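Asks: Enclosed is the structure file start.cif (mmCIF, N, CA and C atoms).
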```
data_target
loop_
_atom_site.label_atom_id
_atom_site.label_comp_id
_atom_site.auth_asym_id
_atom_site.auth_seq_id
_atom_site.Cartn_x
_atom_site.Cartn_y
_atom_site.Cartn_z
N MET T 1 138.98 60.06 100.08
CA MET T 1 138.52 61.22 99.33
C MET T 1 137.09 61.58 99.71
N LYS T 2 136.22 60.55 99.87
CA LYS T 2 134.83 60.81 100.23
C LYS T 2 134.75 61.47 101.60
N THR T 3 135.60 61.07 102.51
CA THR T 3 135.61 61.64 103.85
C THR T 3 135.97 63.11 103.79
N LEU T 4 136.92 63.47 102.96
CA LEU T 4 137.32 64.86 102.80
C LEU T 4 136.18 65.70 102.23
N VAL T 5 135.47 65.19 101.24
CA VAL T 5 134.33 65.90 100.63
C VAL T 5 133.23 66.10 101.67
N LYS T 6 132.95 65.05 102.47
CA LYS T 6 131.93 65.15 103.51
C LYS T 6 132.31 66.19 104.55
N ALA T 7 133.58 66.23 104.93
CA ALA T 7 134.05 67.20 105.92
C ALA T 7 133.87 68.63 105.41
N PHE T 8 134.21 68.87 104.14
CA PHE T 8 134.02 70.20 103.55
C PHE T 8 132.53 70.56 103.47
N ALA T 9 131.69 69.59 103.13
CA ALA T 9 130.25 69.83 103.03
C ALA T 9 129.67 70.21 104.39
N VAL T 10 130.06 69.49 105.44
CA VAL T 10 129.60 69.79 106.80
C VAL T 10 130.09 71.18 107.22
N ALA T 11 131.34 71.48 106.95
CA ALA T 11 131.89 72.79 107.30
C ALA T 11 131.14 73.90 106.57
N ALA T 12 130.84 73.68 105.30
CA ALA T 12 130.11 74.68 104.52
C ALA T 12 128.71 74.89 105.08
N LEU T 13 128.02 73.79 105.43
CA LEU T 13 126.68 73.91 106.01
C LEU T 13 126.69 74.67 107.34
N ILE T 14 127.68 74.39 108.16
CA ILE T 14 127.80 75.09 109.44
C ILE T 14 128.04 76.58 109.20
N ALA T 15 128.93 76.89 108.27
CA ALA T 15 129.23 78.30 107.97
C ALA T 15 127.99 79.02 107.44
N VAL T 16 127.27 78.40 106.51
CA VAL T 16 126.08 79.03 105.92
C VAL T 16 125.02 79.25 106.99
N SER T 17 124.77 78.25 107.85
CA SER T 17 123.74 78.42 108.87
C SER T 17 124.15 79.47 109.90
N THR T 18 125.44 79.55 110.22
CA THR T 18 125.91 80.58 111.14
C THR T 18 125.71 81.97 110.56
N PHE T 19 126.05 82.15 109.28
CA PHE T 19 125.86 83.45 108.64
C PHE T 19 124.38 83.81 108.54
N ALA T 20 123.53 82.82 108.28
CA ALA T 20 122.09 83.07 108.18
C ALA T 20 121.52 83.53 109.52
N MET T 21 121.95 82.88 110.60
CA MET T 21 121.47 83.28 111.93
C MET T 21 122.00 84.65 112.31
N ALA T 22 123.23 84.95 111.95
CA ALA T 22 123.81 86.26 112.26
C ALA T 22 123.10 87.36 111.49
N ALA T 23 122.69 87.08 110.27
CA ALA T 23 121.99 88.08 109.45
C ALA T 23 120.63 88.41 110.03
N GLU T 24 119.96 87.44 110.67
CA GLU T 24 118.65 87.69 111.27
C GLU T 24 118.77 88.53 112.52
N GLY T 25 119.92 88.51 113.17
CA GLY T 25 120.09 89.27 114.39
C GLY T 25 119.60 88.47 115.59
N PRO T 26 119.75 89.06 116.79
CA PRO T 26 119.35 88.35 118.00
C PRO T 26 117.86 88.07 117.99
N GLY T 27 117.49 86.87 118.31
CA GLY T 27 116.08 86.52 118.36
C GLY T 27 115.54 86.06 117.03
N GLY T 28 116.03 86.59 115.96
CA GLY T 28 115.58 86.21 114.62
C GLY T 28 114.14 86.57 114.37
N LYS T 29 113.63 86.09 113.24
CA LYS T 29 112.26 86.39 112.85
C LYS T 29 111.25 85.57 113.63
N ALA T 30 111.68 84.48 114.22
CA ALA T 30 110.75 83.58 114.89
C ALA T 30 110.14 84.21 116.14
N THR T 31 110.87 85.12 116.79
CA THR T 31 110.34 85.72 118.01
C THR T 31 109.81 87.11 117.72
N LYS T 32 108.59 87.35 118.15
CA LYS T 32 107.98 88.66 118.00
C LYS T 32 107.98 89.34 119.35
N ALA T 33 108.08 90.65 119.35
CA ALA T 33 107.99 91.37 120.60
C ALA T 33 106.57 91.22 121.13
N ASN T 34 106.44 90.78 122.36
CA ASN T 34 105.13 90.60 122.94
C ASN T 34 104.90 91.74 123.92
N VAL T 35 103.93 92.57 123.62
CA VAL T 35 103.63 93.74 124.42
C VAL T 35 102.37 93.47 125.22
N ASN T 36 102.35 93.90 126.46
CA ASN T 36 101.18 93.69 127.31
C ASN T 36 100.08 94.67 126.92
N LEU T 37 99.03 94.14 126.29
CA LEU T 37 97.87 94.95 125.90
C LEU T 37 96.63 94.42 126.61
N SER T 38 96.79 93.94 127.83
CA SER T 38 95.69 93.31 128.55
C SER T 38 94.66 94.30 129.08
N THR T 39 95.00 95.58 129.14
CA THR T 39 94.04 96.61 129.56
C THR T 39 94.03 97.73 128.54
N ALA T 40 92.96 98.50 128.54
CA ALA T 40 92.86 99.64 127.64
C ALA T 40 93.94 100.67 127.96
N ASP T 41 94.23 100.85 129.24
CA ASP T 41 95.27 101.81 129.63
C ASP T 41 96.64 101.42 129.10
N PHE T 42 96.98 100.13 129.18
CA PHE T 42 98.25 99.65 128.64
C PHE T 42 98.32 99.88 127.13
N ALA T 43 97.22 99.57 126.44
CA ALA T 43 97.18 99.74 124.98
C ALA T 43 97.33 101.21 124.60
N LEU T 44 96.63 102.08 125.32
CA LEU T 44 96.74 103.52 125.03
C LEU T 44 98.15 104.02 125.30
N GLU T 45 98.73 103.59 126.40
CA GLU T 45 100.10 103.98 126.74
C GLU T 45 101.08 103.52 125.65
N HIS T 46 100.88 102.30 125.17
CA HIS T 46 101.77 101.78 124.12
C HIS T 46 101.54 102.54 122.81
N TYR T 47 100.30 102.89 122.49
CA TYR T 47 100.00 103.67 121.29
C TYR T 47 100.73 105.01 121.33
N VAL T 48 100.69 105.67 122.48
CA VAL T 48 101.39 106.96 122.62
C VAL T 48 102.90 106.76 122.45
N ALA T 49 103.45 105.69 123.03
CA ALA T 49 104.89 105.42 122.89
C ALA T 49 105.26 105.15 121.43
N VAL T 50 104.41 104.41 120.73
CA VAL T 50 104.68 104.08 119.33
C VAL T 50 104.62 105.33 118.46
N THR T 51 103.62 106.18 118.69
CA THR T 51 103.43 107.34 117.81
C THR T 51 104.30 108.54 118.16
N THR T 52 104.77 108.64 119.40
CA THR T 52 105.54 109.83 119.78
C THR T 52 106.99 109.56 120.17
N GLU T 53 107.31 108.33 120.57
CA GLU T 53 108.66 108.03 121.05
C GLU T 53 109.43 107.07 120.16
N GLY T 54 108.85 106.69 119.03
CA GLY T 54 109.55 105.81 118.11
C GLY T 54 109.64 104.37 118.57
N GLU T 55 108.81 103.97 119.51
CA GLU T 55 108.78 102.57 119.96
C GLU T 55 108.29 101.71 118.81
N SER T 56 108.99 100.62 118.53
CA SER T 56 108.58 99.79 117.40
C SER T 56 108.15 98.39 117.81
N ALA T 57 108.40 98.02 119.05
CA ALA T 57 108.01 96.68 119.50
C ALA T 57 106.50 96.55 119.54
N GLY T 58 105.99 95.49 118.98
CA GLY T 58 104.57 95.21 119.06
C GLY T 58 103.67 96.09 118.23
N VAL T 59 104.20 96.73 117.19
CA VAL T 59 103.39 97.64 116.37
C VAL T 59 102.24 96.87 115.71
N GLU T 60 102.52 95.72 115.11
CA GLU T 60 101.46 94.95 114.45
C GLU T 60 100.43 94.47 115.45
N GLN T 61 100.88 94.11 116.63
CA GLN T 61 100.01 93.60 117.69
C GLN T 61 99.04 94.68 118.19
N LEU T 62 99.43 95.94 118.10
CA LEU T 62 98.67 97.05 118.67
C LEU T 62 97.40 97.40 117.89
N PHE T 63 97.43 97.24 116.57
CA PHE T 63 96.34 97.71 115.73
C PHE T 63 95.39 96.57 115.34
N ALA T 64 94.09 96.86 115.40
CA ALA T 64 93.06 95.90 114.99
C ALA T 64 93.18 95.65 113.49
N ALA T 65 92.67 94.51 113.06
CA ALA T 65 92.75 94.13 111.64
C ALA T 65 92.05 95.14 110.74
N ASP T 66 90.97 95.76 111.23
CA ASP T 66 90.22 96.73 110.41
C ASP T 66 90.56 98.18 110.76
N PHE T 67 91.71 98.40 111.40
CA PHE T 67 92.13 99.76 111.78
C PHE T 67 92.19 100.68 110.57
N ASN T 68 91.76 101.92 110.77
CA ASN T 68 92.00 102.96 109.77
C ASN T 68 92.26 104.28 110.47
N GLN T 69 92.93 105.14 109.77
CA GLN T 69 93.30 106.45 110.30
C GLN T 69 92.77 107.51 109.36
N LYS T 70 92.11 108.51 109.92
CA LYS T 70 91.62 109.65 109.14
C LYS T 70 92.38 110.88 109.59
N ILE T 71 92.81 111.67 108.61
CA ILE T 71 93.52 112.90 108.90
C ILE T 71 92.70 114.06 108.38
N GLN T 72 92.24 114.90 109.30
CA GLN T 72 91.42 116.05 108.96
C GLN T 72 92.35 117.26 108.82
N ALA T 73 92.60 117.65 107.60
CA ALA T 73 93.46 118.79 107.31
C ALA T 73 92.93 119.44 106.03
N THR T 74 93.71 120.32 105.44
CA THR T 74 93.29 120.96 104.19
C THR T 74 92.91 119.92 103.16
N ASN T 75 93.74 118.90 103.04
CA ASN T 75 93.44 117.76 102.15
C ASN T 75 93.19 116.55 103.04
N ALA T 76 91.92 116.31 103.37
CA ALA T 76 91.59 115.17 104.22
C ALA T 76 91.97 113.87 103.52
N ARG T 77 92.50 112.93 104.31
CA ARG T 77 92.87 111.64 103.72
C ARG T 77 92.73 110.54 104.75
N SER T 78 92.76 109.31 104.26
CA SER T 78 92.68 108.12 105.12
C SER T 78 93.90 107.25 104.88
N ASN T 79 94.29 106.54 105.92
CA ASN T 79 95.41 105.60 105.82
C ASN T 79 94.96 104.24 106.32
N SER T 80 95.37 103.20 105.64
CA SER T 80 95.05 101.83 106.04
C SER T 80 95.96 101.38 107.17
N ARG T 81 95.62 100.25 107.76
CA ARG T 81 96.43 99.67 108.82
C ARG T 81 97.85 99.42 108.34
N SER T 82 97.97 98.80 107.17
CA SER T 82 99.31 98.45 106.67
C SER T 82 100.16 99.70 106.42
N ALA T 83 99.55 100.77 105.92
CA ALA T 83 100.30 102.01 105.67
C ALA T 83 100.78 102.63 106.98
N VAL T 84 99.94 102.63 107.99
CA VAL T 84 100.31 103.21 109.29
C VAL T 84 101.41 102.38 109.95
N VAL T 85 101.26 101.06 109.93
CA VAL T 85 102.27 100.18 110.53
C VAL T 85 103.62 100.38 109.83
N LYS T 86 103.60 100.45 108.51
CA LYS T 86 104.83 100.65 107.74
C LYS T 86 105.49 101.97 108.10
N LEU T 87 104.71 103.04 108.21
CA LEU T 87 105.24 104.35 108.57
C LEU T 87 105.83 104.33 109.98
N LEU T 88 105.12 103.74 110.92
CA LEU T 88 105.60 103.71 112.30
C LEU T 88 106.88 102.89 112.44
N LYS T 89 107.00 101.82 111.66
CA LYS T 89 108.25 101.04 111.69
C LYS T 89 109.42 101.86 111.15
N LYS T 90 109.16 102.68 110.13
CA LYS T 90 110.22 103.54 109.58
C LYS T 90 110.68 104.57 110.60
N GLN T 91 109.78 104.99 111.48
CA GLN T 91 110.10 106.02 112.47
C GLN T 91 110.70 105.45 113.75
N LYS T 92 111.13 104.22 113.70
CA LYS T 92 111.71 103.55 114.87
C LYS T 92 112.80 104.42 115.49
N GLY T 93 112.67 104.69 116.78
CA GLY T 93 113.68 105.45 117.51
C GLY T 93 113.56 106.95 117.40
N GLU T 94 112.67 107.47 116.55
CA GLU T 94 112.51 108.91 116.41
C GLU T 94 111.51 109.44 117.43
N LYS T 95 111.96 110.37 118.25
CA LYS T 95 111.09 110.95 119.28
C LYS T 95 110.62 112.32 118.80
N LEU T 96 109.32 112.56 118.98
CA LEU T 96 108.76 113.85 118.59
C LEU T 96 109.05 114.88 119.67
N ASN T 97 109.32 116.10 119.27
CA ASN T 97 109.61 117.19 120.19
C ASN T 97 108.29 117.88 120.53
N CYS T 98 107.55 117.28 121.45
CA CYS T 98 106.25 117.81 121.83
C CYS T 98 105.91 117.36 123.25
N THR T 99 104.89 118.02 123.81
CA THR T 99 104.36 117.56 125.08
C THR T 99 103.08 116.80 124.78
N VAL T 100 102.85 115.73 125.52
CA VAL T 100 101.74 114.83 125.25
C VAL T 100 100.77 114.85 126.43
N GLY T 101 99.49 114.95 126.09
CA GLY T 101 98.44 114.85 127.10
C GLY T 101 97.41 113.83 126.64
N THR T 102 96.88 113.04 127.58
CA THR T 102 95.85 112.07 127.23
C THR T 102 94.65 112.26 128.15
N ASP T 103 93.48 112.17 127.57
CA ASP T 103 92.22 112.25 128.32
C ASP T 103 91.34 111.09 127.87
N ILE T 104 90.78 110.37 128.82
CA ILE T 104 89.82 109.32 128.52
C ILE T 104 88.45 109.99 128.38
N LEU T 105 87.85 109.89 127.18
CA LEU T 105 86.56 110.53 126.95
C LEU T 105 85.40 109.60 127.28
N GLU T 106 85.58 108.32 126.99
CA GLU T 106 84.53 107.33 127.24
C GLU T 106 85.19 105.98 127.46
N GLU T 107 84.66 105.22 128.42
CA GLU T 107 85.24 103.91 128.69
C GLU T 107 84.16 102.95 129.16
N SER T 108 84.21 101.74 128.62
CA SER T 108 83.32 100.67 129.06
C SER T 108 84.16 99.41 129.20
N ALA T 109 83.51 98.29 129.43
CA ALA T 109 84.24 97.03 129.62
C ALA T 109 84.99 96.60 128.36
N ASP T 110 84.47 96.96 127.17
CA ASP T 110 85.06 96.49 125.92
C ASP T 110 85.45 97.59 124.95
N TYR T 111 85.36 98.85 125.36
CA TYR T 111 85.59 99.96 124.42
C TYR T 111 86.12 101.18 125.16
N MET T 112 87.00 101.92 124.51
CA MET T 112 87.51 103.17 125.08
C MET T 112 87.73 104.18 123.97
N VAL T 113 87.41 105.43 124.25
CA VAL T 113 87.73 106.54 123.35
C VAL T 113 88.59 107.50 124.15
N ALA T 114 89.74 107.83 123.59
CA ALA T 114 90.68 108.72 124.27
C ALA T 114 91.09 109.85 123.33
N LYS T 115 91.44 110.96 123.94
CA LYS T 115 91.94 112.12 123.20
C LYS T 115 93.41 112.29 123.56
N VAL T 116 94.26 112.20 122.54
CA VAL T 116 95.70 112.39 122.73
C VAL T 116 96.06 113.71 122.08
N THR T 117 96.60 114.62 122.89
CA THR T 117 96.97 115.95 122.40
C THR T 117 98.48 116.08 122.37
N LEU T 118 99.01 116.42 121.20
CA LEU T 118 100.45 116.63 121.03
C LEU T 118 100.67 118.12 120.79
N LYS T 119 101.34 118.79 121.71
CA LYS T 119 101.59 120.23 121.59
C LYS T 119 103.01 120.45 121.10
N PHE T 120 103.11 120.91 119.85
CA PHE T 120 104.39 121.25 119.25
C PHE T 120 104.61 122.76 119.41
N GLU T 121 105.75 123.25 118.97
CA GLU T 121 106.06 124.68 119.11
C GLU T 121 105.07 125.56 118.35
N ASN T 122 104.68 125.16 117.12
CA ASN T 122 103.85 126.02 116.28
C ASN T 122 102.45 125.49 115.99
N PHE T 123 102.12 124.31 116.49
CA PHE T 123 100.78 123.76 116.23
C PHE T 123 100.45 122.69 117.25
N ILE T 124 99.18 122.29 117.24
CA ILE T 124 98.69 121.24 118.12
C ILE T 124 98.03 120.16 117.27
N LYS T 125 98.39 118.92 117.54
CA LYS T 125 97.77 117.78 116.87
C LYS T 125 96.88 117.08 117.89
N THR T 126 95.62 116.89 117.52
CA THR T 126 94.68 116.16 118.36
C THR T 126 94.36 114.83 117.69
N ASP T 127 94.47 113.77 118.45
CA ASP T 127 94.25 112.42 117.94
C ASP T 127 93.16 111.77 118.78
N LEU T 128 91.99 111.55 118.19
CA LEU T 128 90.93 110.80 118.86
C LEU T 128 91.15 109.32 118.55
N VAL T 129 91.34 108.53 119.57
CA VAL T 129 91.72 107.13 119.41
C VAL T 129 90.62 106.24 119.99
N SER T 130 90.15 105.30 119.19
CA SER T 130 89.19 104.29 119.65
C SER T 130 89.92 102.99 119.88
N LEU T 131 89.71 102.39 121.04
CA LEU T 131 90.30 101.10 121.38
C LEU T 131 89.17 100.13 121.69
N GLU T 132 89.38 98.88 121.35
CA GLU T 132 88.37 97.86 121.64
C GLU T 132 89.04 96.58 122.11
N ARG T 133 88.29 95.84 122.93
CA ARG T 133 88.80 94.55 123.39
C ARG T 133 88.62 93.53 122.28
N VAL T 134 89.71 92.84 121.94
CA VAL T 134 89.68 91.77 120.94
C VAL T 134 90.27 90.54 121.64
N GLY T 135 89.40 89.63 122.04
CA GLY T 135 89.86 88.48 122.82
C GLY T 135 90.33 88.95 124.18
N ASN T 136 91.57 88.63 124.53
CA ASN T 136 92.13 89.05 125.82
C ASN T 136 92.95 90.33 125.72
N ASP T 137 93.13 90.86 124.52
CA ASP T 137 93.94 92.06 124.32
C ASP T 137 93.08 93.25 123.90
N TRP T 138 93.64 94.42 124.03
CA TRP T 138 93.03 95.65 123.55
C TRP T 138 93.78 96.08 122.30
N LYS T 139 93.03 96.57 121.32
CA LYS T 139 93.60 97.00 120.04
C LYS T 139 93.10 98.39 119.71
N VAL T 140 93.92 99.14 118.99
CA VAL T 140 93.50 100.44 118.48
C VAL T 140 92.73 100.17 117.19
N SER T 141 91.48 100.62 117.14
CA SER T 141 90.63 100.33 115.99
C SER T 141 90.45 101.52 115.06
N LYS T 142 90.63 102.73 115.58
CA LYS T 142 90.44 103.91 114.74
C LYS T 142 91.22 105.08 115.33
N SER T 143 91.68 105.95 114.44
CA SER T 143 92.39 107.16 114.85
C SER T 143 91.95 108.29 113.93
N ILE T 144 91.54 109.40 114.52
CA ILE T 144 91.15 110.58 113.75
C ILE T 144 92.04 111.74 114.21
N ASN T 145 92.81 112.28 113.28
CA ASN T 145 93.76 113.36 113.60
C ASN T 145 93.27 114.69 113.07
N SER T 146 93.46 115.73 113.86
CA SER T 146 93.19 117.09 113.40
C SER T 146 94.32 117.99 113.89
N TYR T 147 94.47 119.12 113.20
CA TYR T 147 95.59 120.03 113.49
C TYR T 147 95.07 121.45 113.70
N LYS T 148 95.67 122.17 114.63
CA LYS T 148 95.36 123.59 114.88
C LYS T 148 96.64 124.39 114.83
#
```
Show the structure stored in the file as structure tokens.
Replies:
Amino acid sequence: MKTLVKAFAVAALIAVSTFAMAAEGPGGKATKANVNLSTADFALEHYVAVTTEGESAGVEQLFAADFNQKIQATNARSNSRSAVVKLLKKQKGEKLNCTVGTDILEESADYMVAKVTLKFENFIKTDLVSLERVGNDWKVSKSINSYK
């Protein structure tokens, strides 16, 4: 009888662990998407992909801990890092219908300021993006958006 109970217990444990791994999906929570942010150009390219093409890999990795976003519009407002990351994760896979242009305004060994212009059918969004070297990676530290 004890052998039968042990066999059922082992079978139940195997089934539960299999369902738990299947629920996490491939890779599970233990593996994070590792995005190459070793240069300012790579970081800027990834920022554009995240904000315009719905790329969601490495979103947390992209933004500096003290990142903030300012939106200059009729009602100016600011967004924290956590709010921006949450919004970008929700937009996973959504591509914006616009043309994108990037210009490097200032660049040094540890800092870059770029202008990202998104041209939509009825308006233009300009995003001034500050990037800084943090250790061996580049991070987006600030974003200021304006609309025309």
Asks: Expand the PyMOL selection byres ((chain T and resi 61-77) around 6) into the explicit residue set it covers here, and present it as an NGL selection string.
Replies: :T and (58-60 or 78-81 or 138-147)
Asks: Would you write out those residues with N, CA and C atoms, as a short mmCIF file (atom, residue, chain, number, x, y, z; two decimals), in the frame of the given file?
Replies:
```
data_model
loop_
_atom_site.label_atom_id
_atom_site.label_comp_id
_atom_site.auth_asym_id
_atom_site.auth_seq_id
_atom_site.Cartn_x
_atom_site.Cartn_y
_atom_site.Cartn_z
N GLY T 58 105.99 95.49 118.98
CA GLY T 58 104.57 95.21 119.06
C GLY T 58 103.67 96.09 118.23
N VAL T 59 104.20 96.73 117.19
CA VAL T 59 103.39 97.64 116.37
C VAL T 59 102.24 96.87 115.71
N GLU T 60 102.52 95.72 115.11
CA GLU T 60 101.46 94.95 114.45
C GLU T 60 100.43 94.47 115.45
N SER T 78 92.76 109.31 104.26
CA SER T 78 92.68 108.12 105.12
C SER T 78 93.90 107.25 104.88
N ASN T 79 94.29 106.54 105.92
CA ASN T 79 95.41 105.60 105.82
C ASN T 79 94.96 104.24 106.32
N SER T 80 95.37 103.20 105.64
CA SER T 80 95.05 101.83 106.04
C SER T 80 95.96 101.38 107.17
N ARG T 81 95.62 100.25 107.76
CA ARG T 81 96.43 99.67 108.82
C ARG T 81 97.85 99.42 108.34
N TRP T 138 93.64 94.42 124.03
CA TRP T 138 93.03 95.65 123.55
C TRP T 138 93.78 96.08 122.30
N LYS T 139 93.03 96.57 121.32
CA LYS T 139 93.60 97.00 120.04
C LYS T 139 93.10 98.39 119.71
N VAL T 140 93.92 99.14 118.99
CA VAL T 140 93.50 100.44 118.48
C VAL T 140 92.73 100.17 117.19
N SER T 141 91.48 100.62 117.14
CA SER T 141 90.63 100.33 115.99
C SER T 141 90.45 101.52 115.06
N LYS T 142 90.63 102.73 115.58
CA LYS T 142 90.44 103.91 114.74
C LYS T 142 91.22 105.08 115.33
N SER T 143 91.68 105.95 114.44
CA SER T 143 92.39 107.16 114.85
C SER T 143 91.95 108.29 113.93
N ILE T 144 91.54 109.40 114.52
CA ILE T 144 91.15 110.58 113.75
C ILE T 144 92.04 111.74 114.21
N ASN T 145 92.81 112.28 113.28
CA ASN T 145 93.76 113.36 113.60
C ASN T 145 93.27 114.69 113.07
N SER T 146 93.46 115.73 113.86
CA SER T 146 93.19 117.09 113.40
C SER T 146 94.32 117.99 113.89
N TYR T 147 94.47 119.12 113.20
CA TYR T 147 95.59 120.03 113.49
C TYR T 147 95.07 121.45 113.70
#
```
Asks: Any chance you could resolve the PyMOL selection byres (((chain T and resi 83-98 and name CA) around 8) and name CA) against this file and give the residues as an MDAnalysis selection string?
Replies: chainID T and resid 50:56 59:60 69 79:82 99:100 118:121
Asks: In Å, how far is it from CA of Ala40 (chain T) to atom C of Lys125 (chain T)?
Replies: 20.4 Å
Asks: Quick one: everything within 5 Å of Ile104 (chain T), counting all atoms listed in the file, minus sequence neighbours fewer than 6 positions away in the same chain. Send it as a PyMOL selection string.
Replies: chain T and resi 113-115
Asks: Could you pull the residues within 7 Å of Ser38 (chain T), counting only C-alpha atoms, minus those fewer than 3 positions along the same chain, as a list in words?
Replies: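 Listing them by chain and then by number gives Phe42, Asn136, Asp137 and Trp138 of chain T.
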Asks: Take atom N of Ile124 (chain T) and atom C of Asn36 (chain T) and report the distance between them in Å, one decimal.
Replies: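 Value for the atom N of Ile124 (chain T)-atom C of Asn36 (chain T) distance: 29.3 Å.
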Asks: For atom N of Ser108 (chain T) and atom C of Ala57 (chain T), determine how far apart the two atoms are, in Å to one decimal place.
Replies: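 About the pair atom N of Ser108 (chain T) and atom C of Ala57 (chain T): they are 24.6 Å apart.
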Asks: Among region 11-139 of chain T, which ones does DSSP place in helix (DSSP H, G or I), written as a CSV table (one decimal) with N, CA and C atoms, keeping the file's coordinate frame?
Replies:
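Listing of part35.csv after writing:
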```csv
chain,number,residue,atom,x,y,z
T,11,ALA,N,131.3,71.5,107.0
T,11,ALA,CA,131.9,72.8,107.3
T,11,ALA,C,131.1,73.9,106.6
T,12,ALA,N,130.8,73.7,105.3
T,12,ALA,CA,130.1,74.7,104.5
T,12,ALA,C,128.7,74.9,105.1
T,13,LEU,N,128.0,73.8,105.4
T,13,LEU,CA,126.7,73.9,106.0
T,13,LEU,C,126.7,74.7,107.3
T,14,ILE,N,127.7,74.4,108.2
T,14,ILE,CA,127.8,75.1,109.4
T,14,ILE,C,128.0,76.6,109.2
T,15,ALA,N,128.9,76.9,108.3
T,15,ALA,CA,129.2,78.3,108.0
T,15,ALA,C,128.0,79.0,107.4
T,16,VAL,N,127.3,78.4,106.5
T,16,VAL,CA,126.1,79.0,105.9
T,16,VAL,C,125.0,79.2,107.0
T,17,SER,N,124.8,78.2,107.8
T,17,SER,CA,123.7,78.4,108.9
T,17,SER,C,124.2,79.5,109.9
T,18,THR,N,125.4,79.6,110.2
T,18,THR,CA,125.9,80.6,111.1
T,18,THR,C,125.7,82.0,110.6
T,19,PHE,N,126.0,82.2,109.3
T,19,PHE,CA,125.9,83.4,108.6
T,19,PHE,C,124.4,83.8,108.5
T,20,ALA,N,123.5,82.8,108.3
T,20,ALA,CA,122.1,83.1,108.2
T,20,ALA,C,121.5,83.5,109.5
T,21,MET,N,122.0,82.9,110.6
T,21,MET,CA,121.5,83.3,111.9
T,21,MET,C,122.0,84.6,112.3
T,22,ALA,N,123.2,85.0,112.0
T,22,ALA,CA,123.8,86.3,112.3
T,22,ALA,C,123.1,87.4,111.5
T,23,ALA,N,122.7,87.1,110.3
T,23,ALA,CA,122.0,88.1,109.4
T,23,ALA,C,120.6,88.4,110.0
T,24,GLU,N,120.0,87.4,110.7
T,24,GLU,CA,118.6,87.7,111.3
T,24,GLU,C,118.8,88.5,112.5
T,40,ALA,N,93.0,98.5,128.5
T,40,ALA,CA,92.9,99.6,127.6
T,40,ALA,C,93.9,100.7,128.0
T,41,ASP,N,94.2,100.8,129.2
T,41,ASP,CA,95.3,101.8,129.6
T,41,ASP,C,96.6,101.4,129.1
T,42,PHE,N,97.0,100.1,129.2
T,42,PHE,CA,98.2,99.6,128.6
T,42,PHE,C,98.3,99.9,127.1
T,43,ALA,N,97.2,99.6,126.4
T,43,ALA,CA,97.2,99.7,125.0
T,43,ALA,C,97.3,101.2,124.6
T,44,LEU,N,96.6,102.1,125.3
T,44,LEU,CA,96.7,103.5,125.0
T,44,LEU,C,98.2,104.0,125.3
T,45,GLU,N,98.7,103.6,126.4
T,45,GLU,CA,100.1,104.0,126.7
T,45,GLU,C,101.1,103.5,125.6
T,46,HIS,N,100.9,102.3,125.2
T,46,HIS,CA,101.8,101.8,124.1
T,46,HIS,C,101.5,102.5,122.8
T,47,TYR,N,100.3,102.9,122.5
T,47,TYR,CA,100.0,103.7,121.3
T,47,TYR,C,100.7,105.0,121.3
T,48,VAL,N,100.7,105.7,122.5
T,48,VAL,CA,101.4,107.0,122.6
T,48,VAL,C,102.9,106.8,122.4
T,49,ALA,N,103.4,105.7,123.0
T,49,ALA,CA,104.9,105.4,122.9
T,49,ALA,C,105.3,105.2,121.4
T,50,VAL,N,104.4,104.4,120.7
T,50,VAL,CA,104.7,104.1,119.3
T,50,VAL,C,104.6,105.3,118.5
T,51,THR,N,103.6,106.2,118.7
T,51,THR,CA,103.4,107.3,117.8
T,51,THR,C,104.3,108.5,118.2
T,52,THR,N,104.8,108.6,119.4
T,52,THR,CA,105.5,109.8,119.8
T,52,THR,C,107.0,109.6,120.2
T,59,VAL,N,104.2,96.7,117.2
T,59,VAL,CA,103.4,97.6,116.4
T,59,VAL,C,102.2,96.9,115.7
T,60,GLU,N,102.5,95.7,115.1
T,60,GLU,CA,101.5,95.0,114.4
T,60,GLU,C,100.4,94.5,115.4
T,61,GLN,N,100.9,94.1,116.6
T,61,GLN,CA,100.0,93.6,117.7
T,61,GLN,C,99.0,94.7,118.2
T,62,LEU,N,99.4,95.9,118.1
T,62,LEU,CA,98.7,97.0,118.7
T,62,LEU,C,97.4,97.4,117.9
T,81,ARG,N,95.6,100.2,107.8
T,81,ARG,CA,96.4,99.7,108.8
T,81,ARG,C,97.8,99.4,108.3
T,82,SER,N,98.0,98.8,107.2
T,82,SER,CA,99.3,98.4,106.7
T,82,SER,C,100.2,99.7,106.4
T,83,ALA,N,99.6,100.8,105.9
T,83,ALA,CA,100.3,102.0,105.7
T,83,ALA,C,100.8,102.6,107.0
T,84,VAL,N,99.9,102.6,108.0
T,84,VAL,CA,100.3,103.2,109.3
T,84,VAL,C,101.4,102.4,110.0
T,85,VAL,N,101.3,101.1,109.9
T,85,VAL,CA,102.3,100.2,110.5
T,85,VAL,C,103.6,100.4,109.8
T,86,LYS,N,103.6,100.4,108.5
T,86,LYS,CA,104.8,100.6,107.7
T,86,LYS,C,105.5,102.0,108.1
T,87,LEU,N,104.7,103.0,108.2
T,87,LEU,CA,105.2,104.4,108.6
T,87,LEU,C,105.8,104.3,110.0
T,88,LEU,N,105.1,103.7,110.9
T,88,LEU,CA,105.6,103.7,112.3
T,88,LEU,C,106.9,102.9,112.4
T,89,LYS,N,107.0,101.8,111.7
T,89,LYS,CA,108.2,101.0,111.7
T,89,LYS,C,109.4,101.9,111.2
T,90,LYS,N,109.2,102.7,110.1
T,90,LYS,CA,110.2,103.5,109.6
T,90,LYS,C,110.7,104.6,110.6
```
Asks: Pick out each residue of region 77-106 of chain T that DSSP on the backbone tags as strand (DSSP E or B); I need them as a VMD selection string.
Replies: chain T and resid 77 to 80 99 to 106
Asks: Using only N, CA and C atoms, what table do you get, as a tab-separated table, when you list each residue of region 51-114 of chain T with an atom no more than 5 Å from region 130-134 of chain T, its nearest pair of atoms, and their distance in Å rounded to one decimal, rows by chain then rising number?
Replies:
```
residue	atom	partner	partner_atom	distance
T:Asp110	C	T:Arg133	N	3.9
T:Tyr111	CA	T:Glu132	CA	4.5
T:Met112	C	T:Leu131	N	4.0
T:Val113	CA	T:Ser130	CA	4.6
```
